[in-house]
$ cat protein.pdb   # PDB, C-alpha atoms
ATOM      1  CA  MET A 141       0.000   0.000   0.000  1.00  0.00           C
ATOM      2  CA  LYS A 142       1.117   3.549  -0.726  1.00  0.00           C
ATOM      3  CA  ASN A 143       1.627   6.042   2.108  1.00  0.00           C
ATOM      4  CA  LEU A 144      -1.069   8.718   1.997  1.00  0.00           C
ATOM      5  CA  VAL A 145      -0.278  11.614   4.335  1.00  0.00           C
ATOM      6  CA  ILE A 146      -2.972  14.216   4.942  1.00  0.00           C
ATOM      7  CA  LEU A 147      -2.646  17.620   6.647  1.00  0.00           C
ATOM      8  CA  THR A 148      -5.968  18.975   7.905  1.00  0.00           C
ATOM      9  CA  GLY A 149      -6.928  22.384   9.272  1.00  0.00           C
ATOM     10  CA  ALA A 150      -9.983  24.199  10.581  1.00  0.00           C
ATOM     11  CA  GLY A 151     -11.878  23.847   7.296  1.00  0.00           C
ATOM     12  CA  MET A 152     -11.923  20.089   7.829  1.00  0.00           C
ATOM     13  CA  SER A 153     -14.182  20.405  10.882  1.00  0.00           C
ATOM     14  CA  ALA A 154     -16.178  23.495   9.901  1.00  0.00           C
ATOM     15  CA  GLU A 155     -18.946  21.356   8.369  1.00  0.00           C
ATOM     16  CA  SER A 156     -19.333  19.663  11.757  1.00  0.00           C
ATOM     17  CA  GLY A 157     -20.153  23.015  13.354  1.00  0.00           C
ATOM     18  CA  ILE A 158     -16.758  23.539  14.998  1.00  0.00           C
ATOM     19  CA  SER A 159     -15.996  27.261  15.245  1.00  0.00           C
ATOM     20  CA  THR A 160     -13.009  28.426  13.225  1.00  0.00           C
ATOM     21  CA  PHE A 161     -10.634  31.131  14.385  1.00  0.00           C
ATOM     22  CA  ARG A 162      -9.779  33.269  11.386  1.00  0.00           C
ATOM     23  CA  ASP A 163     -12.966  33.479   9.335  1.00  0.00           C
ATOM     24  CA  SER A 164     -15.432  36.345   9.723  1.00  0.00           C
ATOM     25  CA  ASN A 165     -16.994  36.086  13.178  1.00  0.00           C
ATOM     26  CA  GLY A 166     -14.307  33.553  14.048  1.00  0.00           C
ATOM     27  CA  LEU A 167     -13.211  32.849  17.591  1.00  0.00           C
ATOM     28  CA  TRP A 168     -10.352  35.366  17.441  1.00  0.00           C
ATOM     29  CA  ASN A 169     -12.876  38.164  16.879  1.00  0.00           C
ATOM     30  CA  ASN A 170     -14.584  37.320  20.163  1.00  0.00           C
ATOM     31  CA  TYR A 171     -11.574  36.198  22.189  1.00  0.00           C
ATOM     32  CA  PRO A 172      -8.193  37.907  21.621  1.00  0.00           C
ATOM     33  CA  VAL A 173      -5.522  35.293  21.062  1.00  0.00           C
ATOM     34  CA  GLU A 174      -3.230  36.712  23.728  1.00  0.00           C
ATOM     35  CA  LYS A 175      -5.926  36.232  26.381  1.00  0.00           C
ATOM     36  CA  VAL A 176      -6.991  32.629  25.707  1.00  0.00           C
ATOM     37  CA  ALA A 177      -4.186  30.962  23.749  1.00  0.00           C
ATOM     38  CA  THR A 178      -0.914  31.971  25.371  1.00  0.00           C
ATOM     39  CA  PRO A 179       0.830  30.937  28.599  1.00  0.00           C
ATOM     40  CA  GLU A 180       0.780  34.617  29.604  1.00  0.00           C
ATOM     41  CA  GLY A 181      -2.984  34.779  29.139  1.00  0.00           C
ATOM     42  CA  PHE A 182      -3.443  31.733  31.356  1.00  0.00           C
ATOM     43  CA  ALA A 183      -1.191  33.203  34.033  1.00  0.00           C
ATOM     44  CA  ALA A 184      -3.123  36.503  33.963  1.00  0.00           C
ATOM     45  CA  ASP A 185      -6.650  35.074  33.997  1.00  0.00           C
ATOM     46  CA  PRO A 186      -6.773  31.279  34.307  1.00  0.00           C
ATOM     47  CA  GLN A 187     -10.537  31.279  34.900  1.00  0.00           C
ATOM     48  CA  LEU A 188     -11.199  32.986  31.561  1.00  0.00           C
ATOM     49  CA  VAL A 189      -9.009  30.480  29.749  1.00  0.00           C
ATOM     50  CA  LEU A 190     -10.556  27.459  31.481  1.00  0.00           C
ATOM     51  CA  ASP A 191     -14.050  28.746  30.710  1.00  0.00           C
ATOM     52  CA  PHE A 192     -13.120  29.307  27.059  1.00  0.00           C
ATOM     53  CA  TYR A 193     -11.936  25.731  26.593  1.00  0.00           C
ATOM     54  CA  ASN A 194     -14.770  24.295  28.689  1.00  0.00           C
ATOM     55  CA  TYR A 195     -17.148  25.960  26.227  1.00  0.00           C
ATOM     56  CA  ARG A 196     -15.236  24.615  23.230  1.00  0.00           C
ATOM     57  CA  ARG A 197     -15.228  21.127  24.756  1.00  0.00           C
ATOM     58  CA  ARG A 198     -18.995  21.186  25.180  1.00  0.00           C
ATOM     59  CA  GLU A 199     -19.341  22.459  21.608  1.00  0.00           C
ATOM     60  CA  LEU A 200     -17.244  19.521  20.416  1.00  0.00           C
ATOM     61  CA  MET A 201     -19.334  17.004  22.347  1.00  0.00           C
ATOM     62  CA  LYS A 202     -22.430  18.184  20.433  1.00  0.00           C
ATOM     63  CA  SER A 203     -20.664  17.768  17.082  1.00  0.00           C
ATOM     64  CA  GLU A 204     -20.348  14.705  14.895  1.00  0.00           C
ATOM     65  CA  PRO A 205     -17.788  13.717  12.235  1.00  0.00           C
ATOM     66  CA  ASN A 206     -18.858  14.948   8.818  1.00  0.00           C
ATOM     67  CA  GLU A 207     -18.781  13.045   5.533  1.00  0.00           C
ATOM     68  CA  GLY A 208     -15.260  14.280   4.900  1.00  0.00           C
ATOM     69  CA  HIS A 209     -13.969  12.721   8.117  1.00  0.00           C
ATOM     70  CA  LYS A 210     -15.707   9.452   7.250  1.00  0.00           C
ATOM     71  CA  ARG A 211     -14.330   9.398   3.702  1.00  0.00           C
ATOM     72  CA  LEU A 212     -10.783   9.879   4.973  1.00  0.00           C
ATOM     73  CA  ALA A 213     -11.246   6.950   7.337  1.00  0.00           C
ATOM     74  CA  ASP A 214     -12.578   4.882   4.421  1.00  0.00           C
ATOM     75  CA  LEU A 215      -9.361   5.520   2.461  1.00  0.00           C
ATOM     76  CA  GLU A 216      -7.573   3.183   4.895  1.00  0.00           C
ATOM     77  CA  LYS A 217      -8.980   0.332   2.788  1.00  0.00           C
ATOM     78  CA  TYR A 218      -6.700   1.397  -0.066  1.00  0.00           C
ATOM     79  CA  PHE A 219      -3.756   3.269   1.505  1.00  0.00           C
ATOM     80  CA  LYS A 220      -1.653   3.540   4.627  1.00  0.00           C
ATOM     81  CA  VAL A 221      -3.244   6.758   5.837  1.00  0.00           C
ATOM     82  CA  TYR A 222      -1.545   9.107   8.271  1.00  0.00           C
ATOM     83  CA  ILE A 223      -3.442  12.246   9.274  1.00  0.00           C
ATOM     84  CA  ILE A 224      -1.556  15.241  10.618  1.00  0.00           C
ATOM     85  CA  THR A 225      -4.063  17.717  11.991  1.00  0.00           C
ATOM     86  CA  GLN A 226      -3.884  21.266  13.250  1.00  0.00           C
ATOM     87  CA  ASN A 227      -7.301  20.706  14.831  1.00  0.00           C
ATOM     88  CA  VAL A 228      -7.707  19.933  18.515  1.00  0.00           C
ATOM     89  CA  ASP A 229     -11.002  18.063  18.125  1.00  0.00           C
ATOM     90  CA  ASN A 230     -11.293  14.269  18.069  1.00  0.00           C
ATOM     91  CA  LEU A 231     -13.525  13.999  14.986  1.00  0.00           C
ATOM     92  CA  HIS A 232     -10.946  12.112  12.894  1.00  0.00           C
ATOM     93  CA  GLU A 233     -10.699   9.425  15.553  1.00  0.00           C
ATOM     94  CA  ARG A 234     -14.464   9.266  16.024  1.00  0.00           C
ATOM     95  CA  ALA A 235     -14.872   8.788  12.279  1.00  0.00           C
ATOM     96  CA  GLY A 236     -12.569   5.767  12.422  1.00  0.00           C
ATOM     97  CA  SER A 237      -9.150   7.055  11.353  1.00  0.00           C
ATOM     98  CA  GLY A 238      -6.502   4.912  12.982  1.00  0.00           C
ATOM     99  CA  HIS A 239      -3.407   7.105  12.896  1.00  0.00           C
ATOM    100  CA  VAL A 240      -3.817  10.777  13.810  1.00  0.00           C
ATOM    101  CA  ILE A 241      -1.072  13.195  14.884  1.00  0.00           C
ATOM    102  CA  HIS A 242      -2.341  16.307  16.679  1.00  0.00           C
ATOM    103  CA  LEU A 243       0.136  19.141  16.192  1.00  0.00           C
ATOM    104  CA  HIS A 244      -1.695  21.624  18.421  1.00  0.00           C
ATOM    105  CA  GLY A 245      -2.866  19.335  21.214  1.00  0.00           C
ATOM    106  CA  GLU A 246      -6.198  17.724  22.031  1.00  0.00           C
ATOM    107  CA  LEU A 247      -9.270  19.367  23.481  1.00  0.00           C
ATOM    108  CA  MET A 248     -10.416  16.259  25.334  1.00  0.00           C
ATOM    109  CA  LYS A 249      -7.151  16.036  27.278  1.00  0.00           C
ATOM    110  CA  SER A 250      -5.550  18.063  30.045  1.00  0.00           C
ATOM    111  CA  CYS A 251      -2.035  18.423  31.395  1.00  0.00           C
ATOM    112  CA  SER A 252      -0.228  19.876  34.391  1.00  0.00           C
ATOM    113  CA  VAL A 253       1.238  23.361  34.292  1.00  0.00           C
ATOM    114  CA  LYS A 254       4.398  21.636  35.545  1.00  0.00           C
ATOM    115  CA  ASN A 255       4.571  19.184  32.617  1.00  0.00           C
ATOM    116  CA  THR A 256       2.754  20.078  29.390  1.00  0.00           C
ATOM    117  CA  GLU A 257       3.897  16.942  27.528  1.00  0.00           C
ATOM    118  CA  LYS A 258       2.132  14.345  29.712  1.00  0.00           C
ATOM    119  CA  SER A 259      -1.614  14.316  29.085  1.00  0.00           C
ATOM    120  CA  PHE A 260      -4.675  13.053  30.938  1.00  0.00           C
ATOM    121  CA  ASP A 261      -7.973  12.117  29.297  1.00  0.00           C
ATOM    122  CA  ILE A 262     -10.979  14.282  30.096  1.00  0.00           C
ATOM    123  CA  SER A 263     -14.201  12.332  30.572  1.00  0.00           C
ATOM    124  CA  PRO A 264     -17.187  13.410  28.448  1.00  0.00           C
ATOM    125  CA  ASP A 265     -19.249  12.877  31.596  1.00  0.00           C
ATOM    126  CA  ASN A 266     -17.203  15.510  33.450  1.00  0.00           C
ATOM    127  CA  PRO A 267     -15.790  17.747  30.725  1.00  0.00           C
ATOM    128  CA  ASP A 268     -15.020  20.967  32.588  1.00  0.00           C
ATOM    129  CA  LEU A 269     -11.708  21.970  34.129  1.00  0.00           C
ATOM    130  CA  HIS A 270     -11.784  24.158  37.246  1.00  0.00           C
ATOM    131  CA  LEU A 271      -9.336  26.207  39.267  1.00  0.00           C
ATOM    132  CA  GLY A 272      -8.020  23.878  41.943  1.00  0.00           C
ATOM    133  CA  ASP A 273      -8.155  20.754  39.756  1.00  0.00           C
ATOM    134  CA  LYS A 274      -4.728  19.215  40.234  1.00  0.00           C
ATOM    135  CA  ALA A 275      -2.606  16.746  38.286  1.00  0.00           C
ATOM    136  CA  PRO A 276      -0.845  13.910  40.149  1.00  0.00           C
ATOM    137  CA  ASP A 277       2.285  16.088  40.348  1.00  0.00           C
ATOM    138  CA  GLY A 278       0.338  18.769  42.239  1.00  0.00           C
ATOM    139  CA  GLY A 279       0.231  21.242  39.365  1.00  0.00           C
ATOM    140  CA  GLN A 280      -2.950  22.981  38.239  1.00  0.00           C
ATOM    141  CA  LEU A 281      -4.584  21.190  35.317  1.00  0.00           C
ATOM    142  CA  ARG A 282      -4.740  23.188  32.080  1.00  0.00           C
ATOM    143  CA  PRO A 283      -5.927  22.345  28.574  1.00  0.00           C
ATOM    144  CA  PHE A 284      -3.594  20.034  26.649  1.00  0.00           C
ATOM    145  CA  ILE A 285      -3.283  22.642  23.914  1.00  0.00           C
ATOM    146  CA  VAL A 286      -0.149  23.974  22.262  1.00  0.00           C
ATOM    147  CA  TRP A 287      -0.526  27.712  22.803  1.00  0.00           C
ATOM    148  CA  PHE A 288       1.170  30.461  20.838  1.00  0.00           C
ATOM    149  CA  GLY A 289       4.755  30.798  22.003  1.00  0.00           C
ATOM    150  CA  GLU A 290       5.003  27.118  23.003  1.00  0.00           C
ATOM    151  CA  ALA A 291       6.958  24.422  21.165  1.00  0.00           C
ATOM    152  CA  VAL A 292       5.113  22.013  18.851  1.00  0.00           C
ATOM    153  CA  PRO A 293       6.422  18.664  20.145  1.00  0.00           C
ATOM    154  CA  LYS A 294       4.874  16.523  17.380  1.00  0.00           C
ATOM    155  CA  ILE A 295       6.353  18.448  14.449  1.00  0.00           C
ATOM    156  CA  GLU A 296       9.424  16.214  14.034  1.00  0.00           C
ATOM    157  CA  GLU A 297       7.225  13.108  13.883  1.00  0.00           C
ATOM    158  CA  ALA A 298       5.009  14.842  11.333  1.00  0.00           C
ATOM    159  CA  ILE A 299       8.021  15.745   9.169  1.00  0.00           C
ATOM    160  CA  GLU A 300       9.094  12.098   9.093  1.00  0.00           C
ATOM    161  CA  TYR A 301       5.686  11.016   7.805  1.00  0.00           C
ATOM    162  CA  VAL A 302       5.639  13.721   5.135  1.00  0.00           C
ATOM    163  CA  GLU A 303       9.128  12.748   3.964  1.00  0.00           C
ATOM    164  CA  SER A 304       8.032   9.110   3.611  1.00  0.00           C
ATOM    165  CA  SER A 305       4.728   9.903   1.898  1.00  0.00           C
ATOM    166  CA  ASP A 306       3.856   8.776  -1.622  1.00  0.00           C
ATOM    167  CA  ILE A 307       0.897  11.179  -1.862  1.00  0.00           C
ATOM    168  CA  PHE A 308       0.412  14.359   0.180  1.00  0.00           C
ATOM    169  CA  VAL A 309      -2.966  16.024   0.692  1.00  0.00           C
ATOM    170  CA  ILE A 310      -3.804  19.367   2.334  1.00  0.00           C
ATOM    171  CA  ILE A 311      -7.390  19.993   3.459  1.00  0.00           C
ATOM    172  CA  GLY A 312      -8.996  23.111   4.921  1.00  0.00           C
ATOM    173  CA  THR A 313      -5.948  25.124   5.921  1.00  0.00           C
ATOM    174  CA  SER A 314      -4.695  28.484   4.723  1.00  0.00           C
ATOM    175  CA  LEU A 315      -1.046  27.418   5.138  1.00  0.00           C
ATOM    176  CA  ASN A 316      -0.442  30.525   7.223  1.00  0.00           C
ATOM    177  CA  VAL A 317       0.275  28.867  10.573  1.00  0.00           C
ATOM    178  CA  TYR A 318       3.788  27.596  11.173  1.00  0.00           C
ATOM    179  CA  PRO A 319       5.388  25.182  11.679  1.00  0.00           C
ATOM    180  CA  ALA A 320       2.501  23.176  10.154  1.00  0.00           C
ATOM    181  CA  ALA A 321       2.562  25.197   6.924  1.00  0.00           C
ATOM    182  CA  GLY A 322       6.232  24.332   6.509  1.00  0.00           C
ATOM    183  CA  LEU A 323       5.451  20.624   6.132  1.00  0.00           C
ATOM    184  CA  LEU A 324       4.940  21.256   2.419  1.00  0.00           C
ATOM    185  CA  ASN A 325       8.700  21.865   2.193  1.00  0.00           C
ATOM    186  CA  TYR A 326       9.359  18.211   3.048  1.00  0.00           C
ATOM    187  CA  VAL A 327       7.314  16.730   0.206  1.00  0.00           C
ATOM    188  CA  ARG A 328       9.567  15.047  -2.348  1.00  0.00           C
ATOM    189  CA  LYS A 329       9.813  16.526  -5.835  1.00  0.00           C
ATOM    190  CA  LYS A 330       7.474  15.150  -8.503  1.00  0.00           C
ATOM    191  CA  GLN A 331       5.280  13.646  -5.812  1.00  0.00           C
ATOM    192  CA  PRO A 332       1.473  14.054  -6.162  1.00  0.00           C
ATOM    193  CA  VAL A 333       0.136  16.889  -3.978  1.00  0.00           C
ATOM    194  CA  PHE A 334      -3.561  17.800  -3.643  1.00  0.00           C
ATOM    195  CA  LEU A 335      -5.029  20.832  -1.881  1.00  0.00           C
ATOM    196  CA  ILE A 336      -8.717  20.996  -0.955  1.00  0.00           C
ATOM    197  CA  ASP A 337     -10.189  24.339   0.097  1.00  0.00           C
ATOM    198  CA  PRO A 338     -13.155  26.402  -1.129  1.00  0.00           C
ATOM    199  CA  LYS A 339     -11.006  29.531  -0.960  1.00  0.00           C
ATOM    200  CA  GLU A 340      -7.898  30.303  -2.985  1.00  0.00           C
ATOM    201  CA  VAL A 341      -4.767  29.233  -1.129  1.00  0.00           C
ATOM    202  CA  LYS A 342      -1.520  30.778  -2.284  1.00  0.00           C
ATOM    203  CA  THR A 343       1.543  28.548  -2.319  1.00  0.00           C
ATOM    204  CA  TYR A 344       4.987  28.685  -3.902  1.00  0.00           C
ATOM    205  CA  ARG A 345       4.553  25.289  -5.594  1.00  0.00           C
ATOM    206  CA  ASN A 346       3.148  25.117  -9.122  1.00  0.00           C
ATOM    207  CA  ASP A 347       2.627  21.349  -9.178  1.00  0.00           C
ATOM    208  CA  ILE A 348      -0.330  21.160  -6.779  1.00  0.00           C
ATOM    209  CA  LYS A 349      -3.681  19.793  -7.914  1.00  0.00           C
ATOM    210  CA  PHE A 350      -6.238  22.239  -6.463  1.00  0.00           C
ATOM    211  CA  ILE A 351      -9.761  21.082  -5.598  1.00  0.00           C
ATOM    212  CA  GLN A 352     -11.663  24.280  -4.784  1.00  0.00           C
ATOM    213  CA  LYS A 353     -14.454  22.680  -2.761  1.00  0.00           C
ATOM    214  CA  GLY A 354     -15.463  22.268   0.854  1.00  0.00           C
ATOM    215  CA  ALA A 355     -13.992  19.349   2.770  1.00  0.00           C
ATOM    216  CA  SER A 356     -16.677  16.699   2.205  1.00  0.00           C
ATOM    217  CA  GLU A 357     -17.281  17.438  -1.467  1.00  0.00           C
ATOM    218  CA  GLY A 358     -13.572  17.913  -2.099  1.00  0.00           C
ATOM    219  CA  ILE A 359     -12.631  14.604  -0.479  1.00  0.00           C
ATOM    220  CA  LYS A 360     -15.243  12.839  -2.595  1.00  0.00           C
ATOM    221  CA  LEU A 361     -13.490  14.169  -5.717  1.00  0.00           C
ATOM    222  CA  LEU A 362     -10.097  13.379  -4.210  1.00  0.00           C
ATOM    223  CA  THR A 363     -11.127   9.767  -3.700  1.00  0.00           C
ATOM    224  CA  GLU A 364     -11.889   9.459  -7.417  1.00  0.00           C
ATOM    225  CA  TYR A 365      -8.402  10.739  -8.273  1.00  0.00           C
ATOM    226  CA  LEU A 366      -6.710   8.513  -5.704  1.00  0.00           C
ATOM    227  CA  LYS A 367      -8.385   5.290  -6.788  1.00  0.00           C
ATOM    228  CA  ILE A 368      -6.718   5.711 -10.168  1.00  0.00           C
ATOM    229  CA  MET A 369      -3.357   5.843  -8.366  1.00  0.00           C
ATOM    230  CA  ILE A 370      -3.765   2.664  -6.284  1.00  0.00           C
TER     231      ILE A 370
END

$ encode --input "protein.pdb" --output "structure tokens"
Amino acid sequence: MKNLVILTGAGMSAESGISTFRDSNGLWNNYPVEKVATPEGFAADPQLVLDFYNYRRRELMKSEPNEGHKRLADLEKYFKVYIITQNVDNLHERAGSGHVIHLHGELMKSCSVKNTEKSFDISPDNPDLHLGDKAPDGGQLRPFIVWFGEAVPKIEEAIEYVESSDIFVIIGTSLNVYPAAGLLNYVRKKQPVFLIDPKEVKTYRNDIKFIQKGASEGIKLLTEYLKIMI
């Protein structure tokens, strides 16, 4: 089987009702990034940050994987599929994808302020984090999210998968957020690259097959292209 490596962004989950950050009326318009997505913001007002992610967690629990998520999972019948996602939701896993790398953390996990690399599952039955909730090491629990200014620990693993890919696909990302956007630099020359997004995405490469559709419709078209390449 060929290695199919897929990078997904916010547009992948938008059809499931997950709020995006950069679109009009996106989350950044209502919550300044420096207040809810930086270590400094958490230090200044931890209650605001906990409430923000508690709300997002409850929003996620009401959402379901869309057809795009399900179609990506279905591709595992034909390829070795590795999904690298900038999203913090668990919709890829819930749709049945077996190998997902979360670059920016996971909403349904927490970690200690003393050790942000070790995570703890958050139960859907008790999804909120509170001030005073402690990890086993005694540190306050915080969202297991890679905030701005923090290292992206999974990026080296992601690079290895991109370098070993036979086909690379980009879905629902503007390629403006680094280091994720830089993964395109590790795709081998003359290798098939597809980019699915309803909006125009500017890139330095001129060998990309653009599918200017939303995630679900675009992945349906992608599947038709890929089956020819099996």

$ atom_distance --input "protein.pdb" --atom1 "atom CA of Met141 of chain A" --atom2 "atom CA of Leu362 of chain A"
17.3 Å

$ residues_around --input "protein.pdb" --residues "Lys349 of chain A" --least-positions-apart "3" --cutoff "8 Å" --atoms "all atoms listed in the file" --output "list in words"
Pro332, Val333, Phe334 and Leu335 of chain A

$ resolve_selection --input "protein.pdb" --expression "the PyMOL selection byres ((chain A and resi 228) around 9)" --output "JSON, numbers by chain"
{"A": [225, 226, 227, 229, 230, 242, 243, 244, 245, 246, 247, 248, 285]}

$ residues_around --input "protein.pdb" --residues "Ile311 of chain A" --least-positions-apart "3" --cutoff "8 Å" --atoms "all atoms listed in the file" --output "list of chain:residue names"
A:Ile146, A:Leu147, A:Thr148, A:Gly149, A:Gly151, A:Met152, A:Leu335, A:Ile336, A:Asp337, A:Ala355

$ closest_residue --input "protein.pdb" --among "A:Tyr193, A:Gly279, A:Ser356, A:Lys258" --to "Pro205 of chain A" --atoms "only C-alpha atoms"
A:Ser356

$ residues_near_point --input "protein.pdb" --point "(2.9, 25.8, 24.1)" --cutoff "9 Å" --atoms "only C-alpha atoms" --output "list in words"
Ala177, Thr178, Pro179, His244, Thr256, Ile285, Val286, Trp287, Phe288, Gly289, Glu290, Ala291, Val292 and Pro293 of chain A

$ atom_distance --input "protein.pdb" --atom1 "atom CA of Ile223 of chain A" --atom2 "atom CA of Glu204 of chain A"
18.0 Å

$ closest_residue --input "protein.pdb" --among "A:Asp268, A:Asp306, A:Asp277, A:Glu233" --to "Val253 of chain A" --atoms "only C-alpha atoms"
A:Asp277

$ resolve_selection --input "protein.pdb" --expression "the PyMOL selection byres ((chain A and resi 345) around 12)" --output "ChimeraX atom specification"
/A:324-325,327-335,341-344,346-350

$ atom_distance --input "protein.pdb" --atom1 "atom CA of Ser305 of chain A" --atom2 "atom CA of Asn143 of chain A"
5.0 Å

$ closest_residue --input "protein.pdb" --among "A:Asp273, A:Asp214, A:Asp261, A:Glu357" --to "Leu190 of chain A" --atoms "only C-alpha atoms"
A:Asp273

$ resolve_selection --input "protein.pdb" --expression "the PyMOL selection byres ((chain A and resi 156) around 12)" --output "ChimeraX atom specification"
/A:150-155,157-160,199-210,229-232,235,354-356

$ closest_residue --input "protein.pdb" --among "A:Val317, A:Arg198, A:Glu296, A:Gly322" --to "Ser263 of chain A" --atoms "all atoms listed in the file"
A:Arg198

$ decode --input "protein.pdb" --residues "segment 220-242 of chain A" --atoms "N, CA and C atoms" --output "compact mmCIF listing (two decimals), in the first residue's frame"
# COMPACT_ATOMS: atom_id res chain seq x y z
N LYS A 220 -2.09 3.31 3.26
CA LYS A 220 -1.65 3.54 4.63
C LYS A 220 -1.85 5.03 4.88
N VAL A 221 -2.86 5.36 5.66
CA VAL A 221 -3.24 6.76 5.84
C VAL A 221 -2.72 7.29 7.17
N TYR A 222 -2.03 8.42 7.08
CA TYR A 222 -1.54 9.11 8.27
C TYR A 222 -2.08 10.54 8.22
N ILE A 223 -2.86 10.91 9.23
CA ILE A 223 -3.44 12.25 9.27
C ILE A 223 -2.67 13.10 10.27
N ILE A 224 -2.19 14.23 9.78
CA ILE A 224 -1.56 15.24 10.62
C ILE A 224 -2.55 16.39 10.71
N THR A 225 -3.02 16.70 11.89
CA THR A 225 -4.06 17.72 11.99
C THR A 225 -3.64 18.89 12.86
N GLN A 226 -4.04 20.07 12.43
CA GLN A 226 -3.88 21.27 13.25
C GLN A 226 -5.07 21.43 14.20
N ASN A 227 -6.09 20.60 14.02
CA ASN A 227 -7.30 20.71 14.83
C ASN A 227 -7.12 20.01 16.17
N VAL A 228 -7.81 20.52 17.18
CA VAL A 228 -7.71 19.93 18.51
C VAL A 228 -8.92 19.06 18.84
N ASP A 229 -9.85 18.93 17.89
CA ASP A 229 -11.00 18.06 18.12
C ASP A 229 -10.62 16.60 17.89
N ASN A 230 -11.55 15.71 18.23
CA ASN A 230 -11.29 14.27 18.07
C ASN A 230 -12.17 13.66 16.97
N LEU A 231 -12.58 14.47 16.00
CA LEU A 231 -13.52 14.00 14.99
C LEU A 231 -12.89 13.00 14.02
N HIS A 232 -11.60 13.12 13.74
CA HIS A 232 -10.95 12.11 12.89
C HIS A 232 -11.01 10.74 13.56
N GLU A 233 -10.68 10.70 14.83
CA GLU A 233 -10.70 9.42 15.55
C GLU A 233 -12.12 8.87 15.64
N ARG A 234 -13.08 9.72 15.91
CA ARG A 234 -14.46 9.27 16.02
C ARG A 234 -15.02 8.77 14.70
N ALA A 235 -14.44 9.26 13.60
CA ALA A 235 -14.87 8.79 12.28
C ALA A 235 -14.23 7.46 11.91
N GLY A 236 -13.19 7.06 12.67
CA GLY A 236 -12.57 5.77 12.42
C GLY A 236 -11.15 5.80 11.92
N SER A 237 -10.55 6.98 11.79
CA SER A 237 -9.15 7.06 11.35
C SER A 237 -8.25 6.49 12.44
N GLY A 238 -7.30 5.66 12.02
CA GLY A 238 -6.50 4.91 12.98
C GLY A 238 -5.19 5.55 13.37
N HIS A 239 -4.70 6.51 12.57
CA HIS A 239 -3.41 7.10 12.90
C HIS A 239 -3.50 8.62 12.71
N VAL A 240 -3.64 9.32 13.84
CA VAL A 240 -3.82 10.78 13.81
C VAL A 240 -2.77 11.44 14.70
N ILE A 241 -2.05 12.41 14.14
CA ILE A 241 -1.07 13.19 14.88
C ILE A 241 -1.66 14.58 15.11
N HIS A 242 -1.80 14.99 16.35
CA HIS A 242 -2.34 16.31 16.68
C HIS A 242 -1.19 17.27 16.95
